[in-house]
>>> print(open('target.cif').read())   # mmCIF, C-alpha atoms
data_upload
loop_
_atom_site.group_PDB
_atom_site.id
_atom_site.type_symbol
_atom_site.label_atom_id
_atom_site.label_comp_id
_atom_site.auth_asym_id
_atom_site.auth_seq_id
_atom_site.Cartn_x
_atom_site.Cartn_y
_atom_site.Cartn_z
ATOM 1 C CA MET A 194 -6.454 -23.799 -14.645
ATOM 2 C CA ILE A 195 -8.582 -22.802 -11.625
ATOM 3 C CA HIS A 196 -7.187 -23.697 -8.215
ATOM 4 C CA SER A 197 -9.404 -23.942 -5.153
ATOM 5 C CA ALA A 198 -8.571 -21.622 -2.240
ATOM 6 C CA PRO A 199 -6.896 -23.114 0.850
ATOM 7 C CA ALA A 200 -9.135 -23.858 3.814
ATOM 8 C CA PRO A 201 -9.519 -20.886 6.194
ATOM 9 C CA ARG A 202 -7.161 -20.854 9.160
ATOM 10 C CA THR A 203 -7.697 -19.805 12.741
ATOM 11 C CA LYS A 204 -6.275 -16.472 13.910
ATOM 12 C CA THR A 205 -3.482 -18.319 15.754
ATOM 13 C CA GLU A 206 -2.507 -20.278 12.643
ATOM 14 C CA GLU A 207 -2.696 -17.222 10.416
ATOM 15 C CA PHE A 208 -0.751 -14.701 12.381
ATOM 16 C CA TYR A 209 2.048 -16.293 14.406
ATOM 17 C CA PRO A 210 5.455 -14.578 13.959
ATOM 18 C CA GLY A 211 7.684 -16.636 11.707
ATOM 19 C CA PHE A 212 4.854 -17.958 9.511
ATOM 20 C CA ARG A 213 6.305 -18.180 5.994
ATOM 21 C CA PHE A 214 4.337 -17.684 2.810
ATOM 22 C CA PRO A 215 5.055 -20.138 -0.011
ATOM 23 C CA GLU A 216 7.680 -18.871 -2.453
ATOM 24 C CA GLN A 217 6.317 -18.102 -5.882
ATOM 25 C CA PRO A 218 7.450 -16.597 -9.199
ATOM 26 C CA VAL A 219 6.329 -13.075 -10.055
ATOM 27 C CA ILE A 220 6.459 -11.339 -13.440
ATOM 28 C CA ARG A 221 5.325 -7.765 -13.962
ATOM 29 C CA THR A 222 3.725 -7.654 -17.400
ATOM 30 C CA ARG A 223 3.456 -4.480 -19.436
ATOM 31 C CA GLU A 224 -0.331 -4.793 -19.698
ATOM 32 C CA TYR A 225 -0.801 -5.103 -15.945
ATOM 33 C CA GLN A 226 1.578 -2.274 -15.116
ATOM 34 C CA ASP A 227 0.112 0.166 -17.618
ATOM 35 C CA SER A 228 -3.481 -0.486 -16.569
ATOM 36 C CA ARG A 229 -2.770 -0.147 -12.836
ATOM 37 C CA LEU A 230 -0.617 2.958 -13.197
ATOM 38 C CA LYS A 231 -3.353 4.629 -15.235
ATOM 39 C CA ALA A 232 -5.872 3.714 -12.535
ATOM 40 C CA CYS A 233 -3.608 5.547 -10.069
ATOM 41 C CA GLY A 234 -3.306 8.635 -12.261
ATOM 42 C CA VAL A 235 0.306 7.911 -13.271
ATOM 43 C CA ASP A 236 1.592 8.073 -16.851
ATOM 44 C CA PRO A 237 3.117 4.615 -17.569
ATOM 45 C CA ALA A 238 5.689 6.227 -19.889
ATOM 46 C CA LEU A 239 7.431 7.694 -16.827
ATOM 47 C CA TYR A 240 8.681 4.224 -15.888
ATOM 48 C CA GLY A 241 9.890 3.197 -19.338
ATOM 49 C CA ASP A 242 10.970 -0.453 -19.165
ATOM 50 C CA GLN A 243 11.347 -0.423 -15.378
ATOM 51 C CA ALA A 244 8.816 -2.161 -13.166
ATOM 52 C CA ALA A 245 6.944 0.177 -10.825
ATOM 53 C CA ALA A 246 7.977 -0.950 -7.352
ATOM 54 C CA GLY A 247 4.753 0.168 -5.681
ATOM 55 C CA LEU A 248 2.675 -2.289 -7.665
ATOM 56 C CA PHE A 249 4.526 -5.200 -6.073
ATOM 57 C CA GLY A 250 2.534 -4.357 -2.975
ATOM 58 C CA GLN A 251 -0.385 -6.069 -4.694
ATOM 59 C CA GLU A 252 1.649 -9.271 -4.922
ATOM 60 C CA CYS A 253 1.902 -9.200 -1.135
ATOM 61 C CA PHE A 254 -1.875 -9.167 -0.768
ATOM 62 C CA LYS A 255 -2.189 -11.943 -3.344
ATOM 63 C CA ALA A 256 0.250 -14.061 -1.330
ATOM 64 C CA MET A 257 -1.784 -13.516 1.832
ATOM 65 C CA ARG A 258 -5.001 -14.596 0.152
ATOM 66 C CA ALA A 259 -3.335 -17.586 -1.547
ATOM 67 C CA ALA A 260 -2.115 -18.737 1.885
ATOM 68 C CA GLY A 261 -5.700 -18.700 3.152
ATOM 69 C CA HIS A 262 -5.301 -15.559 5.255
ATOM 70 C CA GLN A 263 -8.312 -13.312 5.772
ATOM 71 C CA VAL A 264 -7.947 -10.072 3.793
ATOM 72 C CA ASP A 265 -11.479 -8.648 3.735
ATOM 73 C CA GLY A 266 -11.846 -5.881 6.302
ATOM 74 C CA LEU A 267 -8.205 -5.713 7.413
ATOM 75 C CA VAL A 268 -6.989 -2.132 7.908
ATOM 76 C CA GLN A 269 -3.603 -1.295 6.398
ATOM 77 C CA THR A 270 -1.820 1.420 8.386
ATOM 78 C CA GLU A 271 1.669 1.487 6.891
ATOM 79 C CA GLN A 272 3.553 0.378 3.774
ATOM 80 C CA ARG A 273 7.334 0.363 3.378
ATOM 81 C CA PHE A 274 9.361 -0.189 0.218
ATOM 82 C CA ARG A 275 13.109 -0.491 -0.189
ATOM 83 C CA GLN A 276 14.414 -0.881 -3.734
ATOM 84 C CA LEU A 277 18.031 -2.016 -3.935
ATOM 85 C CA GLU A 278 18.122 -2.862 -7.638
ATOM 86 C CA PRO A 279 15.761 -1.813 -10.444
ATOM 87 C CA VAL A 280 13.526 -4.534 -11.883
ATOM 88 C CA ALA A 281 12.642 -4.695 -15.577
ATOM 89 C CA VAL A 282 9.156 -5.203 -16.937
ATOM 90 C CA GLY A 283 8.892 -8.875 -17.912
ATOM 91 C CA GLU A 284 11.689 -9.980 -15.562
ATOM 92 C CA THR A 285 11.034 -13.082 -13.470
ATOM 93 C CA LEU A 286 11.423 -12.691 -9.707
ATOM 94 C CA THR A 287 10.974 -15.024 -6.757
ATOM 95 C CA GLN A 288 8.694 -13.679 -4.042
ATOM 96 C CA ARG A 289 9.135 -14.873 -0.482
ATOM 97 C CA GLY A 290 7.630 -13.552 2.715
ATOM 98 C CA TRP A 291 6.909 -14.119 6.372
ATOM 99 C CA ILE A 292 5.090 -12.647 9.364
ATOM 100 C CA GLU A 293 7.526 -10.389 11.195
ATOM 101 C CA ALA A 294 5.328 -9.531 14.187
ATOM 102 C CA TYR A 295 1.834 -9.891 15.619
ATOM 103 C CA GLU A 296 1.282 -7.831 18.755
ATOM 104 C CA GLU A 297 -1.588 -6.437 20.795
ATOM 105 C CA VAL A 298 -2.392 -2.723 20.409
ATOM 106 C CA PRO A 299 -5.277 -0.567 21.769
ATOM 107 C CA ARG A 300 -7.629 -1.254 18.828
ATOM 108 C CA GLY A 301 -6.770 -4.903 18.183
ATOM 109 C CA HIS A 302 -3.541 -6.461 16.933
ATOM 110 C CA ARG A 303 -0.750 -4.956 14.839
ATOM 111 C CA LEU A 304 0.277 -7.334 12.054
ATOM 112 C CA HIS A 305 3.630 -6.858 10.279
ATOM 113 C CA ARG A 306 4.313 -8.921 7.148
ATOM 114 C CA LYS A 307 7.580 -8.667 5.216
ATOM 115 C CA PHE A 308 8.229 -9.720 1.605
ATOM 116 C CA GLU A 309 11.333 -9.928 -0.581
ATOM 117 C CA PHE A 310 11.514 -9.974 -4.373
ATOM 118 C CA VAL A 311 14.622 -11.796 -5.554
ATOM 119 C CA LEU A 312 16.406 -11.742 -8.924
ATOM 120 C CA LYS A 313 17.571 -14.913 -10.681
ATOM 121 C CA ASP A 314 21.114 -14.489 -9.335
ATOM 122 C CA GLY A 315 19.827 -14.428 -5.767
ATOM 123 C CA THR A 316 20.026 -10.652 -5.308
ATOM 124 C CA VAL A 317 17.204 -9.110 -3.284
ATOM 125 C CA ALA A 318 15.946 -6.327 -5.555
ATOM 126 C CA LEU A 319 13.022 -5.082 -3.477
ATOM 127 C CA THR A 320 11.576 -5.475 -0.004
ATOM 128 C CA ALA A 321 8.008 -4.626 0.970
ATOM 129 C CA ASP A 322 6.627 -4.377 4.505
ATOM 130 C CA VAL A 323 2.848 -4.494 4.914
ATOM 131 C CA ILE A 324 1.755 -3.314 8.349
ATOM 132 C CA GLY A 325 -1.859 -3.241 9.382
ATOM 133 C CA LEU A 326 -4.475 -3.680 12.037
ATOM 134 C CA VAL A 327 -6.530 -6.757 12.794
ATOM 135 C CA PRO A 328 -9.435 -4.879 14.432
ATOM 136 C CA ASP A 329 -11.117 -5.967 17.640
ATOM 137 C CA LYS A 330 -14.636 -4.469 17.655
ATOM 138 C CA GLU A 331 -14.807 -4.100 21.432
ATOM 139 C CA LYS A 332 -11.358 -2.509 21.701
ATOM 140 C CA TRP A 333 -12.097 -0.281 18.711
ATOM 141 C CA ALA A 334 -15.264 1.057 20.389
ATOM 142 C CA ALA A 335 -13.434 1.631 23.681
ATOM 143 C CA ALA A 336 -10.604 3.497 21.952
ATOM 144 C CA ALA A 337 -13.123 5.687 20.120
ATOM 145 C CA THR A 338 -14.589 6.881 23.430
ATOM 146 C CA GLY A 339 -11.216 7.834 24.888
ATOM 147 C CA LYS A 340 -9.743 11.311 25.223
ATOM 148 C CA PRO A 341 -9.807 13.061 21.823
ATOM 149 C CA LYS A 342 -6.491 13.903 20.227
ATOM 150 C CA SER A 343 -5.383 17.491 19.810
ATOM 151 C CA PRO A 344 -6.245 18.864 16.383
ATOM 152 C CA PRO A 345 -3.279 18.590 13.973
ATOM 153 C CA SER A 346 -1.515 21.622 12.579
ATOM 154 C CA ASP A 347 -2.296 22.659 9.014
ATOM 155 C CA PRO A 348 -0.944 19.734 6.924
ATOM 156 C CA ARG A 349 -0.329 22.143 4.006
ATOM 157 C CA GLN A 350 2.157 24.273 5.913
ATOM 158 C CA GLY A 351 5.605 24.050 4.335
ATOM 159 C CA PHE A 352 4.243 22.026 1.397
ATOM 160 C CA GLU A 353 3.418 22.949 -2.207
ATOM 161 C CA LEU A 354 0.371 21.738 -4.120
ATOM 162 C CA VAL A 355 1.495 19.747 -7.170
ATOM 163 C CA SER A 356 -1.497 17.713 -8.324
ATOM 164 C CA GLU A 357 -5.189 17.007 -7.842
ATOM 165 C CA LYS A 358 -7.409 14.114 -8.892
ATOM 166 C CA THR A 359 -10.738 12.488 -8.157
ATOM 167 C CA MET A 360 -10.994 8.780 -7.453
ATOM 168 C CA THR A 361 -13.549 6.875 -9.505
ATOM 169 C CA PRO A 362 -15.285 3.585 -8.700
ATOM 170 C CA GLU A 363 -14.025 2.182 -12.004
ATOM 171 C CA ASP A 364 -10.363 2.931 -11.227
ATOM 172 C CA VAL A 365 -10.607 1.733 -7.626
ATOM 173 C CA THR A 366 -12.274 -1.510 -8.686
ATOM 174 C CA LEU A 367 -9.707 -2.153 -11.426
ATOM 175 C CA PHE A 368 -6.787 -1.513 -9.098
ATOM 176 C CA SER A 369 -8.013 -3.779 -6.299
ATOM 177 C CA SER A 370 -10.191 -6.452 -7.889
ATOM 178 C CA ASP A 371 -7.432 -9.042 -8.319
ATOM 179 C CA VAL A 372 -6.282 -8.914 -4.685
ATOM 180 C CA GLY A 373 -9.602 -9.116 -2.895
ATOM 181 C CA ASN A 374 -10.787 -7.168 0.178
ATOM 182 C CA LEU A 375 -14.415 -6.391 -0.538
ATOM 183 C CA ILE A 376 -14.149 -3.053 1.259
ATOM 184 C CA HIS A 377 -12.637 -1.630 -1.947
ATOM 185 C CA PHE A 378 -15.395 -2.525 -4.401
ATOM 186 C CA GLN A 379 -18.575 -3.727 -2.710
ATOM 187 C CA PRO A 380 -20.788 -0.884 -1.369
ATOM 188 C CA GLU A 381 -22.785 -3.246 0.858
ATOM 189 C CA PHE A 382 -19.665 -4.626 2.512
ATOM 190 C CA ALA A 383 -18.310 -1.101 3.145
ATOM 191 C CA ALA A 384 -21.672 0.043 4.517
ATOM 192 C CA ASN A 385 -21.728 -2.854 6.985
ATOM 193 C CA LEU A 386 -18.430 -1.538 8.370
ATOM 194 C CA GLY A 387 -19.842 1.962 8.749
ATOM 195 C CA TYR A 388 -18.488 3.634 5.590
ATOM 196 C CA ARG A 389 -20.668 5.622 3.197
ATOM 197 C CA ALA A 390 -18.930 4.036 0.181
ATOM 198 C CA PRO A 391 -16.076 1.656 -0.659
ATOM 199 C CA LEU A 392 -12.553 2.833 0.110
ATOM 200 C CA ALA A 393 -9.703 3.304 -2.326
ATOM 201 C CA GLN A 394 -6.807 1.055 -1.431
ATOM 202 C CA GLY A 395 -4.087 2.948 0.440
ATOM 203 C CA LEU A 396 -1.563 1.498 -1.967
ATOM 204 C CA GLN A 397 -3.410 3.129 -4.878
ATOM 205 C CA THR A 398 -2.796 6.576 -3.379
ATOM 206 C CA MET A 399 0.789 5.611 -2.561
ATOM 207 C CA VAL A 400 1.528 4.586 -6.163
ATOM 208 C CA TRP A 401 0.171 7.976 -7.291
ATOM 209 C CA MET A 402 2.555 9.669 -4.874
ATOM 210 C CA MET A 403 5.522 7.527 -5.932
ATOM 211 C CA GLY A 404 4.896 8.577 -9.525
ATOM 212 C CA LYS A 405 6.242 12.012 -8.556
ATOM 213 C CA LEU A 406 9.634 10.415 -7.951
ATOM 214 C CA THR A 407 9.824 9.274 -11.603
ATOM 215 C CA GLU A 408 9.348 12.610 -13.373
ATOM 216 C CA ASP A 409 13.108 12.854 -14.044
ATOM 217 C CA GLY A 410 13.303 9.136 -14.762
ATOM 218 C CA PRO A 411 12.623 6.165 -12.487
ATOM 219 C CA PRO A 412 14.958 5.967 -9.476
ATOM 220 C CA ALA A 413 17.492 3.145 -9.285
ATOM 221 C CA SER A 414 17.153 2.754 -5.530
ATOM 222 C CA PHE A 415 15.145 4.228 -2.704
ATOM 223 C CA GLU A 416 13.735 3.661 0.745
ATOM 224 C CA LEU A 417 10.384 5.090 1.770
ATOM 225 C CA VAL A 418 7.420 4.556 4.034
ATOM 226 C CA ALA A 419 3.782 5.612 3.709
ATOM 227 C CA THR A 420 1.506 6.027 6.715
ATOM 228 C CA PHE A 421 -2.218 5.792 6.017
ATOM 229 C CA ARG A 422 -3.962 8.328 8.264
ATOM 230 C CA ARG A 423 -7.533 8.361 6.917
ATOM 231 C CA PRO A 424 -9.460 6.412 4.293
ATOM 232 C CA VAL A 425 -10.136 7.824 0.841
ATOM 233 C CA PHE A 426 -13.527 6.992 -0.650
ATOM 234 C CA TRP A 427 -13.723 5.609 -4.165
ATOM 235 C CA ASP A 428 -15.432 8.775 -5.460
ATOM 236 C CA GLU A 429 -13.466 11.356 -3.459
ATOM 237 C CA ALA A 430 -11.321 14.269 -4.648
ATOM 238 C CA THR A 431 -7.762 14.288 -3.310
ATOM 239 C CA SER A 432 -4.762 16.598 -3.606
ATOM 240 C CA LEU A 433 -1.022 15.902 -3.543
ATOM 241 C CA TRP A 434 1.425 18.153 -1.693
ATOM 242 C CA LEU A 435 5.192 17.837 -1.414
ATOM 243 C CA ASN A 436 8.127 19.218 0.502
ATOM 244 C CA ARG A 437 11.684 19.349 -0.817
ATOM 245 C CA GLY A 438 14.520 19.002 1.648
ATOM 246 C CA LYS A 439 17.737 21.002 1.714
ATOM 247 C CA THR A 440 19.122 18.910 -1.146
ATOM 248 C CA GLY A 441 16.224 19.884 -3.418
ATOM 249 C CA PHE A 442 14.934 16.323 -3.631
ATOM 250 C CA ILE A 443 11.481 15.352 -2.409
ATOM 251 C CA ASP A 444 11.643 14.116 1.154
ATOM 252 C CA THR A 445 7.976 14.193 2.215
ATOM 253 C CA MET A 446 4.646 14.011 0.404
ATOM 254 C CA ARG A 447 1.110 14.298 1.703
ATOM 255 C CA THR A 448 -2.339 13.754 0.283
ATOM 256 C CA LEU A 449 -5.357 15.629 1.602
ATOM 257 C CA ASN A 450 -9.044 14.865 1.231
ATOM 258 C CA GLU A 451 -11.836 17.239 0.208
ATOM 259 C CA SER A 452 -11.984 18.617 3.768
ATOM 260 C CA GLY A 453 -8.264 19.398 3.799
ATOM 261 C CA LYS A 454 -7.465 16.553 6.192
ATOM 262 C CA LEU A 455 -4.345 14.432 5.871
ATOM 263 C CA THR A 456 -4.976 10.996 4.359
ATOM 264 C CA VAL A 457 -1.520 9.636 3.475
ATOM 265 C CA GLU A 458 1.974 10.794 4.426
ATOM 266 C CA LEU A 459 4.984 9.425 2.548
ATOM 267 C CA MET A 460 8.525 9.884 3.884
ATOM 268 C CA VAL A 461 11.518 9.347 1.578
ATOM 269 C CA SER A 462 14.640 8.441 3.564
ATOM 270 C CA SER A 463 16.920 7.690 0.583
ATOM 271 C CA LEU A 464 16.701 8.194 -3.175
ATOM 272 C CA SER A 465 19.193 7.616 -5.990
ATOM 273 C CA TYR A 466 18.875 7.876 -9.762
ATOM 274 C CA VAL A 467 22.241 6.230 -10.558
#
>>> encode(input="target.cif", output="C-alpha cells")
Amino acid sequence: MIHSAPAPRTKTEEFYPGFRFPEQPVIRTREYQDSRLKACGVDPALYGDQAAAGLFGQECFKAMRAAGHQVDGLVQTEQRFRQLEPVAVGETLTQRGWIEAYEEVPRGHRLHRKFEFVLKDGTVALTADVIGLVPDKEKWAAAATGKPKSPPSDPRQGFELVSEKTMTPEDVTLFSSDVGNLIHFQPEFAANLGYRAPLAQGLQTMVWMMGKLTEDGPPASFELVATFRRPVFWDEATSLWLNRGKTGFIDTMRTLNESGKLTVELMVSSLSYV
C-alpha cells in the first residue's frame, strides 16, 4: 500500500525541542542488512545473526521524512550510538524519538534528534543521536569569510592504516535511496549546492568504520560517536586509520580523503564483547 507523505511543516513546527516522532515497529531483515553492509565495504558474515547497529541510523532518517520534516540538503555533523543489548536480525523493535535541542550556531541552527530502539520486554537496546546543521545561507557565507582556522596536525600521526576503498555511485545510491536527501544521489541537486558530485552519506562511512569492531565477533555493547569533518564524494577514494589505546582495543578511528584530509573521526568510549 502506498501512503501519501504528510504535508510540509514550517521550521517552527518541525524543529521545536520536545517534538516527538510517531512510534513505529522496526525489523532488520537479512536482505536489507546484507545489501547495505556490502555497499559500505563490510562483510555481512562478520555480524552473524546480530543486527548491525549502525544501520539503524537509516531508520532515524526515515522517521524524520515520514513526519514531514525536510531532509534534503541538511548537513549531518555528528552521529552517536549506544548499544546496551544486542539485537537479532529479524527481531521486532519499537522505535521512538524526539527533538532534543534546536539552537542557533554561527552557520545556522544545530538540530539534535534522539531515537531509542526498544525490545518487546520494554528494554532499550539501542539509542541513536542524530546531530546536524540546518544551514542559513547568509550566516554560512559570513562564517566562510571569517578568520581561517589553523591547519590541523597530520591526522595520520599515531594511527595505523588498516583499509582503503573507493566509493562508487552505485553503492552510495543503494545505501541512501530509501531515506531520501537528494544530495546523495542526484548530481544536479549536489551541483546546485556547490559540490562537484553527490556526497556519500556520513553514516555510510561510519558503518564501514564500525565494521572494524566486529572482526573478533560483534560487540555486545558499546558507546561511540562519529564527527563528520568533511564530505566524501560518491566516487572518491578513502582510507581507514585506527589507534589502539593502552588496553589494546580500538579507541579512535579516522578516515582520510584522497588529499590526506580528515573526513570522519570516530571515538569509542566503551566496548564489550560479553
>>> residues_around(input="target.cif", residues="Arg289 of chain A", least_positions_apart="6", cutoff="10 Å", atoms="all atoms listed in the file", output="PDB file with C-alpha atoms, in the frame of the given file")
ATOM      1  CA  ARG A 213       6.305 -18.180   5.994  1.00  0.00           C
ATOM      2  CA  PHE A 214       4.337 -17.684   2.810  1.00  0.00           C
ATOM      3  CA  PRO A 215       5.055 -20.138  -0.011  1.00  0.00           C
ATOM      4  CA  GLU A 216       7.680 -18.871  -2.453  1.00  0.00           C
ATOM      5  CA  GLN A 217       6.317 -18.102  -5.882  1.00  0.00           C
ATOM      6  CA  PRO A 218       7.450 -16.597  -9.199  1.00  0.00           C
ATOM      7  CA  CYS A 253       1.902  -9.200  -1.135  1.00  0.00           C
ATOM      8  CA  ALA A 256       0.250 -14.061  -1.330  1.00  0.00           C
ATOM      9  CA  LYS A 307       7.580  -8.667   5.216  1.00  0.00           C
ATOM     10  CA  PHE A 308       8.229  -9.720   1.605  1.00  0.00           C
ATOM     11  CA  GLU A 309      11.333  -9.928  -0.581  1.00  0.00           C
ATOM     12  CA  PHE A 310      11.514  -9.974  -4.373  1.00  0.00           C
ATOM     13  CA  VAL A 311      14.622 -11.796  -5.554  1.00  0.00           C
ATOM     14  CA  THR A 320      11.576  -5.475  -0.004  1.00  0.00           C
TER      15      THR A 320
END
>>> resolve_selection(input="target.cif", expression="the PyMOL selection byres ((chain A and resi 397) around 12)", output="number ranges by chain")
A: 229-235, 247-251, 272, 360-361, 364-369, 377, 392-396, 398-404, 419, 421, 424-427, 448, 457
>>> residues_near_point(input="target.cif", point="(12.7, 6.3, -13.1)", cutoff="8 Å", atoms="only C-alpha atoms", output="ChimeraX atom specification")
/A:239-241,243,406-413,466
>>> atom_distance(input="target.cif", atom1="atom CA of Glu252 of chain A", atom2="atom CA of Val219 of chain A")
7.9 Å
>>> atom_distance(input="target.cif", atom1="atom CA of Ala318 of chain A", atom2="atom CA of Tyr225 of chain A")
19.7 Å
>>> resolve_selection(input="target.cif", expression="the PyMOL selection byres ((chain A and resi 444) around 12)", output="ChimeraX atom specification")
/A:352,402-403,405-406,415-419,434-443,445-447,458-464
>>> atom_distance(input="target.cif", atom1="atom CA of Lys313 of chain A", atom2="atom CA of Thr222 of chain A")
17.0 Å
>>> closest_residue(input="target.cif", among="A:Thr359, A:Val264, A:Asp428, A:Gly373", to="Ala390 of chain A", atoms="only C-alpha atoms")
A:Asp428
>>> closest_residue(input="target.cif", among="A:Lys255, A:Arg306, A:Arg275, A:Arg300", to="Phe212 of chain A", atoms="all atoms listed in the file")
A:Arg306
>>> axis_aligned_box(input="target.cif", around="segment 406-412 of chain A", padding_each_side="5 Å", output="lines of an AutoDock Vina configuration file")
center_x = 12.2
center_y = 9.4
center_z = -11.4
size_x = 15.6
size_y = 16.9
size_z = 16.8
>>> closest_residue(input="target.cif", among="A:Leu455, A:Val282, A:Leu449, A:Met257", to="Thr431 of chain A", atoms="only C-alpha atoms")
A:Leu449
>>> resolve_selection(input="target.cif", expression="the PyMOL selection byres ((chain A and resi 324) around 8)", output="ChimeraX atom specification")
/A:269-272,303-306,322-323,325-326
>>> residues_around(input="target.cif", residues="Pro380 of chain A", least_positions_apart="3", cutoff="8 Å", atoms="only C-alpha atoms", output="ChimeraX atom specification")
/A:376,383-384,389-391
>>> build_atoms(input="target.cif", residues="segment 295-302 of chain A", atoms="all heavy atoms", output="short mmCIF file (atom, residue, chain, number, x, y, z; two decimals), in the frame of the given file")
data_model
loop_
_atom_site.label_atom_id
_atom_site.label_comp_id
_atom_site.auth_asym_id
_atom_site.auth_seq_id
_atom_site.Cartn_x
_atom_site.Cartn_y
_atom_site.Cartn_z
N TYR A 295 3.27 -9.93 15.36
CA TYR A 295 1.83 -9.89 15.62
C TYR A 295 1.69 -9.54 17.09
O TYR A 295 2.01 -10.34 17.96
CB TYR A 295 1.19 -11.25 15.31
CG TYR A 295 -0.31 -11.29 15.53
CD1 TYR A 295 -1.16 -10.47 14.81
CD2 TYR A 295 -0.87 -12.16 16.46
CE1 TYR A 295 -2.54 -10.51 15.00
CE2 TYR A 295 -2.25 -12.21 16.66
CZ TYR A 295 -3.07 -11.39 15.93
OH TYR A 295 -4.43 -11.43 16.12
N GLU A 296 1.26 -8.31 17.38
CA GLU A 296 1.28 -7.83 18.76
C GLU A 296 0.02 -7.05 19.08
O GLU A 296 -0.58 -6.42 18.21
CB GLU A 296 2.51 -6.94 18.97
CG GLU A 296 2.62 -5.79 17.99
CD GLU A 296 4.01 -5.19 17.91
OE1 GLU A 296 4.92 -5.73 18.57
OE2 GLU A 296 4.18 -4.19 17.19
N GLU A 297 -0.37 -7.10 20.35
CA GLU A 297 -1.59 -6.44 20.80
C GLU A 297 -1.39 -4.93 20.86
O GLU A 297 -0.35 -4.44 21.32
CB GLU A 297 -2.00 -6.97 22.16
CG GLU A 297 -3.38 -6.52 22.62
CD GLU A 297 -3.86 -7.24 23.84
OE1 GLU A 297 -3.16 -8.17 24.31
OE2 GLU A 297 -4.95 -6.89 24.33
N VAL A 298 -2.38 -4.19 20.38
CA VAL A 298 -2.39 -2.72 20.41
C VAL A 298 -3.78 -2.29 20.88
O VAL A 298 -4.70 -3.12 20.97
CB VAL A 298 -2.06 -2.11 19.03
CG1 VAL A 298 -0.62 -2.42 18.63
CG2 VAL A 298 -3.02 -2.62 17.96
N PRO A 299 -3.99 -0.99 21.20
CA PRO A 299 -5.28 -0.57 21.77
C PRO A 299 -6.51 -0.95 20.97
O PRO A 299 -7.56 -1.23 21.54
CB PRO A 299 -5.11 0.95 21.86
CG PRO A 299 -3.65 1.15 22.08
CD PRO A 299 -3.00 0.10 21.24
N ARG A 300 -6.43 -0.98 19.63
CA ARG A 300 -7.63 -1.25 18.83
C ARG A 300 -7.69 -2.68 18.28
O ARG A 300 -8.54 -2.99 17.47
CB ARG A 300 -7.72 -0.26 17.67
CG ARG A 300 -8.01 1.17 18.13
CD ARG A 300 -8.03 2.13 16.97
NE ARG A 300 -8.27 3.50 17.41
CZ ARG A 300 -9.37 4.19 17.19
NH1 ARG A 300 -10.37 3.64 16.53
NH2 ARG A 300 -9.50 5.43 17.62
N GLY A 301 -6.77 -3.54 18.70
CA GLY A 301 -6.77 -4.90 18.18
C GLY A 301 -5.37 -5.49 18.22
O GLY A 301 -4.72 -5.51 19.26
N HIS A 302 -4.88 -5.92 17.04
CA HIS A 302 -3.54 -6.46 16.93
C HIS A 302 -2.83 -5.85 15.72
O HIS A 302 -3.42 -5.70 14.65
CB HIS A 302 -3.56 -7.99 16.79
CG HIS A 302 -3.87 -8.69 18.07
ND1 HIS A 302 -5.17 -8.85 18.52
CD2 HIS A 302 -3.07 -9.27 19.00
CE1 HIS A 302 -5.15 -9.50 19.67
NE2 HIS A 302 -3.90 -9.77 19.98
#
